[in-house]
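Student: Here you go, input_3.pdb (PDB, N, CA and C atoms):
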ATOM      1  N   MET A  20      98.512 141.681 121.860
ATOM      2  CA  MET A  20      97.071 141.826 121.826
ATOM      3  C   MET A  20      96.440 140.446 121.668
ATOM      4  N   VAL A  21      95.514 140.115 122.504
ATOM      5  CA  VAL A  21      94.838 138.829 122.482
ATOM      6  C   VAL A  21      93.382 139.064 122.115
ATOM      7  N   LEU A  22      92.962 138.439 121.037
ATOM      8  CA  LEU A  22      91.575 138.578 120.606
ATOM      9  C   LEU A  22      90.769 137.408 121.121
ATOM     10  N   LYS A  23      89.634 137.707 121.668
ATOM     11  CA  LYS A  23      88.731 136.652 122.127
ATOM     12  C   LYS A  23      87.620 136.502 121.112
ATOM     13  N   LEU A  24      87.263 135.283 120.842
ATOM     14  CA  LEU A  24      86.193 134.992 119.903
ATOM     15  C   LEU A  24      84.914 134.733 120.674
ATOM     16  N   ASN A  25      83.926 135.534 120.433
ATOM     17  CA  ASN A  25      82.632 135.347 121.067
ATOM     18  C   ASN A  25      81.557 135.361 119.989
ATOM     19  N   ASN A  26      81.158 134.196 119.564
ATOM     20  CA  ASN A  26      80.059 134.089 118.613
ATOM     21  C   ASN A  26      79.327 132.790 118.858
ATOM     22  N   GLU A  27      78.398 132.474 117.972
ATOM     23  CA  GLU A  27      77.600 131.266 118.175
ATOM     24  C   GLU A  27      78.458 130.003 118.119
ATOM     25  N   ASN A  28      79.484 130.020 117.258
ATOM     26  CA  ASN A  28      80.327 128.837 117.092
ATOM     27  C   ASN A  28      81.308 128.651 118.243
ATOM     28  N   ASN A  29      81.607 129.705 118.948
ATOM     29  CA  ASN A  29      82.615 129.635 119.995
ATOM     30  C   ASN A  29      82.082 130.346 121.237
ATOM     31  N   SER A  30      81.302 129.674 122.028
ATOM     32  CA  SER A  30      80.703 130.290 123.212
ATOM     33  C   SER A  30      81.645 130.281 124.406
ATOM     34  N   SER A  31      82.786 129.575 124.312
ATOM     35  CA  SER A  31      83.683 129.495 125.455
ATOM     36  C   SER A  31      84.632 130.668 125.540
ATOM     37  N   GLY A  32      84.710 131.517 124.507
ATOM     38  CA  GLY A  32      85.571 132.688 124.546
ATOM     39  C   GLY A  32      87.042 132.351 124.398
ATOM     40  N   GLU A  33      87.389 131.341 123.634
ATOM     41  CA  GLU A  33      88.777 130.962 123.434
ATOM     42  C   GLU A  33      89.495 132.019 122.591
ATOM     43  N   THR A  34      90.797 132.144 122.826
ATOM     44  CA  THR A  34      91.582 133.084 122.038
ATOM     45  C   THR A  34      91.978 132.425 120.725
ATOM     46  N   ILE A  35      92.378 133.260 119.786
ATOM     47  CA  ILE A  35      92.809 132.747 118.483
ATOM     48  C   ILE A  35      94.020 131.836 118.651
ATOM     49  N   GLU A  36      94.953 132.213 119.538
ATOM     50  CA  GLU A  36      96.140 131.400 119.768
ATOM     51  C   GLU A  36      95.775 130.008 120.292
ATOM     52  N   GLU A  37      94.793 129.945 121.200
ATOM     53  CA  GLU A  37      94.372 128.653 121.736
ATOM     54  C   GLU A  37      93.768 127.780 120.641
ATOM     55  N   ILE A  38      92.980 128.387 119.773
ATOM     56  CA  ILE A  38      92.356 127.629 118.685
ATOM     57  C   ILE A  38      93.412 127.133 117.713
ATOM     58  N   LYS A  39      94.397 127.993 117.379
ATOM     59  CA  LYS A  39      95.468 127.580 116.469
ATOM     60  C   LYS A  39      96.274 126.434 117.071
ATOM     61  N   THR A  40      96.541 126.504 118.370
ATOM     62  CA  THR A  40      97.280 125.440 119.049
ATOM     63  C   THR A  40      96.504 124.132 118.998
ATOM     64  N   GLN A  41      95.203 124.220 119.245
ATOM     65  CA  GLN A  41      94.367 123.017 119.186
ATOM     66  C   GLN A  41      94.360 122.422 117.777
ATOM     67  N   GLU A  42      94.295 123.292 116.758
ATOM     68  CA  GLU A  42      94.304 122.808 115.378
ATOM     69  C   GLU A  42      95.624 122.127 115.044
ATOM     70  N   MET A  43      96.759 122.701 115.539
ATOM     71  CA  MET A  43      98.057 122.088 115.273
ATOM     72  C   MET A  43      98.153 120.717 115.921
ATOM     73  N   VAL A  44      97.646 120.592 117.147
ATOM     74  CA  VAL A  44      97.675 119.307 117.840
ATOM     75  C   VAL A  44      96.829 118.288 117.082
ATOM     76  N   ILE A  45      95.657 118.711 116.628
ATOM     77  CA  ILE A  45      94.777 117.807 115.872
ATOM     78  C   ILE A  45      95.451 117.382 114.570
ATOM     79  N   ASN A  46      96.036 118.337 113.835
ATOM     80  CA  ASN A  46      96.681 118.025 112.569
ATOM     81  C   ASN A  46      97.873 117.094 112.759
ATOM     82  N   GLN A  47      98.620 117.267 113.853
ATOM     83  CA  GLN A  47      99.767 116.407 114.104
ATOM     84  C   GLN A  47      99.343 115.006 114.518
ATOM     85  N   SER A  48      98.181 114.902 115.138
ATOM     86  CA  SER A  48      97.745 113.594 115.616
ATOM     87  C   SER A  48      97.065 112.773 114.533
ATOM     88  N   VAL A  49      96.687 113.408 113.433
ATOM     89  CA  VAL A  49      96.030 112.686 112.349
ATOM     90  C   VAL A  49      97.090 111.932 111.566
ATOM     91  N   ASN A  50      96.925 110.639 111.454
ATOM     92  CA  ASN A  50      97.857 109.816 110.706
ATOM     93  C   ASN A  50      97.237 109.511 109.351
ATOM     94  N   LEU A  51      97.737 110.177 108.319
ATOM     95  CA  LEU A  51      97.144 110.022 106.992
ATOM     96  C   LEU A  51      97.398 108.650 106.390
ATOM     97  N   ASP A  52      98.457 107.993 106.821
ATOM     98  CA  ASP A  52      98.782 106.675 106.271
ATOM     99  C   ASP A  52      98.040 105.555 106.985
ATOM    100  N   LYS A  53      97.280 105.889 108.003
ATOM    101  CA  LYS A  53      96.598 104.864 108.790
ATOM    102  C   LYS A  53      95.627 104.096 107.908
ATOM    103  N   GLY A  54      95.730 102.815 107.939
ATOM    104  CA  GLY A  54      94.807 101.967 107.197
ATOM    105  C   GLY A  54      95.284 101.609 105.800
ATOM    106  N   LEU A  55      96.347 102.245 105.294
ATOM    107  CA  LEU A  55      96.810 101.928 103.950
ATOM    108  C   LEU A  55      97.454 100.546 103.888
ATOM    109  N   GLU A  56      97.966 100.072 105.030
ATOM    110  CA  GLU A  56      98.567  98.742 105.036
ATOM    111  C   GLU A  56      97.511  97.668 104.773
ATOM    112  N   ASP A  57      96.274  97.978 105.110
ATOM    113  CA  ASP A  57      95.197  97.006 104.975
ATOM    114  C   ASP A  57      94.724  96.827 103.538
ATOM    115  N   VAL A  58      95.114  97.747 102.644
ATOM    116  CA  VAL A  58      94.655  97.680 101.263
ATOM    117  C   VAL A  58      95.578  96.730 100.506
ATOM    118  N   GLU A  59      95.039  95.592 100.115
ATOM    119  CA  GLU A  59      95.830  94.611  99.388
ATOM    120  C   GLU A  59      95.586  94.748  97.894
ATOM    121  N   GLY A  60      96.607  94.545  97.114
ATOM    122  CA  GLY A  60      96.474  94.572  95.670
ATOM    123  C   GLY A  60      96.491  95.963  95.067
ATOM    124  N   PHE A  61      96.651  96.989  95.894
ATOM    125  CA  PHE A  61      96.690  98.353  95.385
ATOM    126  C   PHE A  61      98.121  98.681  95.003
ATOM    127  N   VAL A  62      98.331  99.109  93.747
ATOM    128  CA  VAL A  62      99.665  99.437  93.270
ATOM    129  C   VAL A  62      99.658 100.893  92.822
ATOM    130  N   LEU A  63     100.579 101.680  93.362
ATOM    131  CA  LEU A  63     100.685 103.072  92.956
ATOM    132  C   LEU A  63     101.236 103.148  91.538
ATOM    133  N   PRO A  64     100.873 104.174  90.765
ATOM    134  CA  PRO A  64     101.349 104.287  89.390
ATOM    135  C   PRO A  64     102.866 104.371  89.275
ATOM    136  N   ALA A  65     103.553 104.921  90.260
ATOM    137  CA  ALA A  65     105.002 105.072  90.196
ATOM    138  C   ALA A  65     105.735 103.860  90.762
ATOM    139  N   ASP A  66     105.045 102.762  90.991
ATOM    140  CA  ASP A  66     105.651 101.567  91.566
ATOM    141  C   ASP A  66     106.586 100.918  90.548
ATOM    142  N   PRO A  67     107.895 100.758  90.865
ATOM    143  CA  PRO A  67     108.833 100.159  89.911
ATOM    144  C   PRO A  67     108.501  98.705  89.577
ATOM    145  N   GLU A  68     107.774  98.023  90.435
ATOM    146  CA  GLU A  68     107.405  96.642  90.148
ATOM    147  C   GLU A  68     106.368  96.564  89.033
ATOM    148  N   ASN A  69     105.547  97.602  88.902
ATOM    149  CA  ASN A  69     104.487  97.609  87.903
ATOM    150  C   ASN A  69     105.023  98.019  86.529
ATOM    151  N   GLU A  70     105.889  98.998  86.455
ATOM    152  CA  GLU A  70     106.546  99.505  85.251
ATOM    153  C   GLU A  70     105.636  99.561  84.030
ATOM    154  N   GLY A  71     104.473 100.151  84.165
ATOM    155  CA  GLY A  71     103.603 100.402  83.035
ATOM    156  C   GLY A  71     102.852  99.201  82.501
ATOM    157  N   GLN A  72     102.837  98.110  83.200
ATOM    158  CA  GLN A  72     102.116  96.935  82.740
ATOM    159  C   GLN A  72     100.653  97.078  83.099
ATOM    160  N   LEU A  73      99.800  97.020  82.096
ATOM    161  CA  LEU A  73      98.371  97.132  82.328
ATOM    162  C   LEU A  73      97.706  95.815  81.970
ATOM    163  N   GLU A  74      96.651  95.526  82.668
ATOM    164  CA  GLU A  74      95.898  94.319  82.373
ATOM    165  C   GLU A  74      94.613  94.700  81.675
ATOM    166  N   GLY A  75      94.143  93.842  80.796
ATOM    167  CA  GLY A  75      92.906  94.101  80.074
ATOM    168  C   GLY A  75      93.174  94.268  78.596
ATOM    169  N   GLU A  76      92.100  94.423  77.867
ATOM    170  CA  GLU A  76      92.216  94.572  76.427
ATOM    171  C   GLU A  76      91.676  95.929  76.004
ATOM    172  N   VAL A  77      92.341  96.546  75.036
ATOM    173  CA  VAL A  77      91.884  97.813  74.490
ATOM    174  C   VAL A  77      91.183  97.509  73.175
ATOM    175  N   GLU A  78      89.950  97.958  73.090
ATOM    176  CA  GLU A  78      89.176  97.730  71.880
ATOM    177  C   GLU A  78      89.133  99.008  71.060
ATOM    178  N   PRO A  79      89.202  98.913  69.752
ATOM    179  CA  PRO A  79      89.070 100.110  68.923
ATOM    180  C   PRO A  79      87.627 100.614  68.982
ATOM    181  N   PRO A  80      87.410 101.866  68.600
ATOM    182  CA  PRO A  80      86.032 102.369  68.595
ATOM    183  C   PRO A  80      85.120 101.505  67.724
ATOM    184  N   GLN A  81      83.908 101.301  68.176
ATOM    185  CA  GLN A  81      82.935 100.495  67.434
ATOM    186  C   GLN A  81      82.345 101.333  66.298
ATOM    187  N   ASP A  82      81.512 100.715  65.482
ATOM    188  CA  ASP A  82      80.913 101.412  64.349
ATOM    189  C   ASP A  82      80.034 102.573  64.783
ATOM    190  N   ASP A  83      79.456 102.487  65.971
ATOM    191  CA  ASP A  83      78.584 103.562  66.450
ATOM    192  C   ASP A  83      79.307 104.499  67.417
ATOM    193  N   GLU A  84      80.643 104.535  67.365
ATOM    194  CA  GLU A  84      81.443 105.380  68.235
ATOM    195  C   GLU A  84      82.471 106.157  67.413
ATOM    196  N   PHE A  85      82.967 107.240  68.004
ATOM    197  CA  PHE A  85      84.041 108.014  67.384
ATOM    198  C   PHE A  85      84.916 108.599  68.484
ATOM    199  N   ILE A  86      86.108 109.034  68.122
ATOM    200  CA  ILE A  86      87.013 109.688  69.068
ATOM    201  C   ILE A  86      87.041 111.166  68.723
ATOM    202  N   CYS A  87      86.679 111.994  69.693
ATOM    203  CA  CYS A  87      86.674 113.443  69.497
ATOM    204  C   CYS A  87      88.118 113.921  69.353
ATOM    205  N   VAL A  88      88.373 114.758  68.332
ATOM    206  CA  VAL A  88      89.733 115.241  68.103
ATOM    207  C   VAL A  88      90.144 116.331  69.086
ATOM    208  N   ASN A  89      89.197 116.836  69.892
ATOM    209  CA  ASN A  89      89.536 117.857  70.890
ATOM    210  C   ASN A  89      89.763 117.259  72.266
ATOM    211  N   CYS A  90      88.823 116.467  72.765
ATOM    212  CA  CYS A  90      88.942 115.934  74.128
ATOM    213  C   CYS A  90      89.478 114.500  74.137
ATOM    214  N   PHE A  91      89.575 113.871  72.972
ATOM    215  CA  PHE A  91      90.111 112.510  72.811
ATOM    216  C   PHE A  91      89.330 111.441  73.562
ATOM    217  N   LEU A  92      88.054 111.714  73.820
ATOM    218  CA  LEU A  92      87.194 110.727  74.459
ATOM    219  C   LEU A  92      86.435 109.948  73.397
ATOM    220  N   VAL A  93      86.195 108.689  73.691
ATOM    221  CA  VAL A  93      85.365 107.871  72.808
ATOM    222  C   VAL A  93      83.914 108.216  73.110
ATOM    223  N   ARG A  94      83.203 108.649  72.080
ATOM    224  CA  ARG A  94      81.818 109.084  72.238
ATOM    225  C   ARG A  94      80.905 108.252  71.346
ATOM    226  N   HIS A  95      79.633 108.183  71.742
ATOM    227  CA  HIS A  95      78.624 107.544  70.899
ATOM    228  C   HIS A  95      78.324 108.473  69.732
ATOM    229  N   ILE A  96      77.993 107.917  68.606
ATOM    230  CA  ILE A  96      77.754 108.699  67.397
ATOM    231  C   ILE A  96      76.635 109.728  67.589
ATOM    232  N   SER A  97      75.744 109.496  68.557
ATOM    233  CA  SER A  97      74.677 110.462  68.832
ATOM    234  C   SER A  97      75.227 111.745  69.450
ATOM    235  N   GLN A  98      76.473 111.732  69.922
ATOM    236  CA  GLN A  98      77.096 112.918  70.515
ATOM    237  C   GLN A  98      77.983 113.657  69.514
ATOM    238  N   LEU A  99      77.912 113.258  68.247
ATOM    239  CA  LEU A  99      78.704 113.909  67.207
ATOM    240  C   LEU A  99      78.152 115.299  66.946
ATOM    241  N   GLY A 100      79.002 116.288  67.056
ATOM    242  CA  GLY A 100      78.577 117.664  66.837
ATOM    243  C   GLY A 100      78.931 118.165  65.458
ATOM    244  N   LYS A 101      80.135 117.812  64.987
ATOM    245  CA  LYS A 101      80.605 118.357  63.723
ATOM    246  C   LYS A 101      81.768 117.510  63.203
ATOM    247  N   THR A 102      81.852 117.397  61.887
ATOM    248  CA  THR A 102      82.988 116.727  61.263
ATOM    249  C   THR A 102      83.788 117.774  60.498
ATOM    250  N   THR A 103      85.074 117.857  60.819
ATOM    251  CA  THR A 103      85.951 118.836  60.173
ATOM    252  C   THR A 103      87.050 118.117  59.413
ATOM    253  N   ARG A 104      87.967 118.900  58.821
ATOM    254  CA  ARG A 104      89.121 118.289  58.143
ATOM    255  C   ARG A 104      89.976 117.499  59.134
ATOM    256  N   ARG A 105      90.024 117.974  60.358
ATOM    257  CA  ARG A 105      90.822 117.305  61.381
ATOM    258  C   ARG A 105      90.172 116.034  61.892
ATOM    259  N   GLY A 106      88.850 115.967  61.845
ATOM    260  CA  GLY A 106      88.145 114.798  62.343
ATOM    261  C   GLY A 106      86.827 115.186  62.975
ATOM    262  N   LYS A 107      86.332 114.317  63.819
ATOM    263  CA  LYS A 107      85.016 114.500  64.429
ATOM    264  C   LYS A 107      85.140 115.202  65.781
ATOM    265  N   ILE A 108      84.181 116.103  66.034
ATOM    266  CA  ILE A 108      84.163 116.869  67.280
ATOM    267  C   ILE A 108      82.845 116.588  67.988
ATOM    268  N   CYS A 109      82.908 116.336  69.297
ATOM    269  CA  CYS A 109      81.699 116.027  70.059
ATOM    270  C   CYS A 109      80.908 117.299  70.373
ATOM    271  N   ILE A 110      79.678 117.109  70.776
ATOM    272  CA  ILE A 110      78.777 118.221  71.083
ATOM    273  C   ILE A 110      79.313 119.063  72.234
ATOM    274  N   GLU A 111      79.863 118.420  73.278
ATOM    275  CA  GLU A 111      80.342 119.152  74.442
ATOM    276  C   GLU A 111      81.482 120.101  74.070
ATOM    277  N   CYS A 112      82.395 119.658  73.220
ATOM    278  CA  CYS A 112      83.495 120.521  72.804
ATOM    279  C   CYS A 112      82.978 121.685  71.966
ATOM    280  N   LEU A 113      81.980 121.436  71.132
ATOM    281  CA  LEU A 113      81.404 122.535  70.350
ATOM    282  C   LEU A 113      80.718 123.545  71.254
ATOM    283  N   LYS A 114      79.957 123.069  72.239
ATOM    284  CA  LYS A 114      79.263 123.973  73.158
ATOM    285  C   LYS A 114      80.256 124.797  73.967
ATOM    286  N   ALA A 115      81.358 124.169  74.353
ATOM    287  CA  ALA A 115      82.361 124.857  75.160
ATOM    288  C   ALA A 115      83.246 125.763  74.307
ATOM    289  N   GLY A 116      83.097 125.647  73.004
ATOM    290  CA  GLY A 116      83.922 126.466  72.103
ATOM    291  C   GLY A 116      85.350 125.987  72.006
ATOM    292  N   VAL A 117      85.574 124.741  72.318
ATOM    293  CA  VAL A 117      86.910 124.173  72.296
ATOM    294  C   VAL A 117      87.123 123.516  70.938
ATOM    295  N   THR A 118      87.490 124.323  69.971
ATOM    296  CA  THR A 118      87.821 123.776  68.659
ATOM    297  C   THR A 118      89.203 124.234  68.301
ATOM    298  N   LYS A 119      90.141 123.334  68.308
ATOM    299  CA  LYS A 119      91.544 123.652  68.072
ATOM    300  C   LYS A 119      91.815 123.770  66.593
TER     301      LYS A 119
END
Please render this file's structure as structure tokens.
Tutor:
Amino acid sequence: MVLKLNNENNSSGETIEEIKTQEMVINQSVNLDKGLEDVEGFVLPADPENEGQLEGEVEPPQDDEFICVNCFLVRHISQLGKTTRRGKICIECLKAGVTK
């Protein structure tokens, strides 16, 4: 059984098989790696040459910042929602009901 598609998007009346064949040809012709050679200085995380070496400095939270004990993000003190025995919780975690 061959189904013909006749709608606004397909006025030529192509069959489903023809469309699938065209899609396979298009997908096979797309080269996903094209252009990656041109990117200089990009290192993938799993690169053995990098082996976890990071550049830059990590600063501790400032006096007007805290680390949320639920999402572990550094937040400004104005985003403090609640202080518990475990530590400080941000407003977003309280709104989402994410209190562990």
Student: Give as a PyMOL selection string the residues that the PyMOL selection byres ((chain A and resi 83) around 7) matches when applied to the coordinates above.
Tutor: chain A and resi 80-82+84-85+94-97
Student: Exactly which residues make up the result of the PyMOL selection byres (((chain A and resi 108 and name CA) around 9) and name CA) on this file, given as a list of chain:residue names?
Tutor: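 Selected by the PyMOL selection byres (((chain A and resi 108 and name CA) around 9) and name CA) in this file: A:Phe85, A:Ile86, A:Cys87, A:Val88, A:Asn89, A:Cys90, A:Gln98, A:Leu99, A:Gly100, A:Lys101, A:Thr102, A:Thr103, A:Arg105, A:Gly106, A:Lys107, A:Cys109, A:Ile110, A:Glu111, A:Cys112, A:Leu113, A:Thr118.
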Student: Take the selection from the previous step and output its residues with N, CA and C atoms, as an mmCIF file, in the coordinates of the input.
Tutor:
data_model
loop_
_atom_site.group_PDB
_atom_site.id
_atom_site.type_symbol
_atom_site.label_atom_id
_atom_site.label_comp_id
_atom_site.auth_asym_id
_atom_site.auth_seq_id
_atom_site.Cartn_x
_atom_site.Cartn_y
_atom_site.Cartn_z
ATOM 1 N N PHE A 85 82.967 107.240 68.004
ATOM 2 C CA PHE A 85 84.041 108.014 67.384
ATOM 3 C C PHE A 85 84.916 108.599 68.484
ATOM 4 N N ILE A 86 86.108 109.034 68.122
ATOM 5 C CA ILE A 86 87.013 109.688 69.068
ATOM 6 C C ILE A 86 87.041 111.166 68.723
ATOM 7 N N CYS A 87 86.679 111.994 69.693
ATOM 8 C CA CYS A 87 86.674 113.443 69.497
ATOM 9 C C CYS A 87 88.118 113.921 69.353
ATOM 10 N N VAL A 88 88.373 114.758 68.332
ATOM 11 C CA VAL A 88 89.733 115.241 68.103
ATOM 12 C C VAL A 88 90.144 116.331 69.086
ATOM 13 N N ASN A 89 89.197 116.836 69.892
ATOM 14 C CA ASN A 89 89.536 117.857 70.890
ATOM 15 C C ASN A 89 89.763 117.259 72.266
ATOM 16 N N CYS A 90 88.823 116.467 72.765
ATOM 17 C CA CYS A 90 88.942 115.934 74.128
ATOM 18 C C CYS A 90 89.478 114.500 74.137
ATOM 19 N N GLN A 98 76.473 111.732 69.922
ATOM 20 C CA GLN A 98 77.096 112.918 70.515
ATOM 21 C C GLN A 98 77.983 113.657 69.514
ATOM 22 N N LEU A 99 77.912 113.258 68.247
ATOM 23 C CA LEU A 99 78.704 113.909 67.207
ATOM 24 C C LEU A 99 78.152 115.299 66.946
ATOM 25 N N GLY A 100 79.002 116.288 67.056
ATOM 26 C CA GLY A 100 78.577 117.664 66.837
ATOM 27 C C GLY A 100 78.931 118.165 65.458
ATOM 28 N N LYS A 101 80.135 117.812 64.987
ATOM 29 C CA LYS A 101 80.605 118.357 63.723
ATOM 30 C C LYS A 101 81.768 117.510 63.203
ATOM 31 N N THR A 102 81.852 117.397 61.887
ATOM 32 C CA THR A 102 82.988 116.727 61.263
ATOM 33 C C THR A 102 83.788 117.774 60.498
ATOM 34 N N THR A 103 85.074 117.857 60.819
ATOM 35 C CA THR A 103 85.951 118.836 60.173
ATOM 36 C C THR A 103 87.050 118.117 59.413
ATOM 37 N N ARG A 105 90.024 117.974 60.358
ATOM 38 C CA ARG A 105 90.822 117.305 61.381
ATOM 39 C C ARG A 105 90.172 116.034 61.892
ATOM 40 N N GLY A 106 88.850 115.967 61.845
ATOM 41 C CA GLY A 106 88.145 114.798 62.343
ATOM 42 C C GLY A 106 86.827 115.186 62.975
ATOM 43 N N LYS A 107 86.332 114.317 63.819
ATOM 44 C CA LYS A 107 85.016 114.500 64.429
ATOM 45 C C LYS A 107 85.140 115.202 65.781
ATOM 46 N N CYS A 109 82.908 116.336 69.297
ATOM 47 C CA CYS A 109 81.699 116.027 70.059
ATOM 48 C C CYS A 109 80.908 117.299 70.373
ATOM 49 N N ILE A 110 79.678 117.109 70.776
ATOM 50 C CA ILE A 110 78.777 118.221 71.083
ATOM 51 C C ILE A 110 79.313 119.063 72.234
ATOM 52 N N GLU A 111 79.863 118.420 73.278
ATOM 53 C CA GLU A 111 80.342 119.152 74.442
ATOM 54 C C GLU A 111 81.482 120.101 74.070
ATOM 55 N N CYS A 112 82.395 119.658 73.220
ATOM 56 C CA CYS A 112 83.495 120.521 72.804
ATOM 57 C C CYS A 112 82.978 121.685 71.966
ATOM 58 N N LEU A 113 81.980 121.436 71.132
ATOM 59 C CA LEU A 113 81.404 122.535 70.350
ATOM 60 C C LEU A 113 80.718 123.545 71.254
ATOM 61 N N THR A 118 87.490 124.323 69.971
ATOM 62 C CA THR A 118 87.821 123.776 68.659
ATOM 63 C C THR A 118 89.203 124.234 68.301
#
Student: Could you tell me how far atom C of Lys114 (chain A) sits from atom C of Glu78 (chain A), in Å to one decimal place?
Tutor: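 Rounded to one decimal, the two atoms are 27.4 Å apart.
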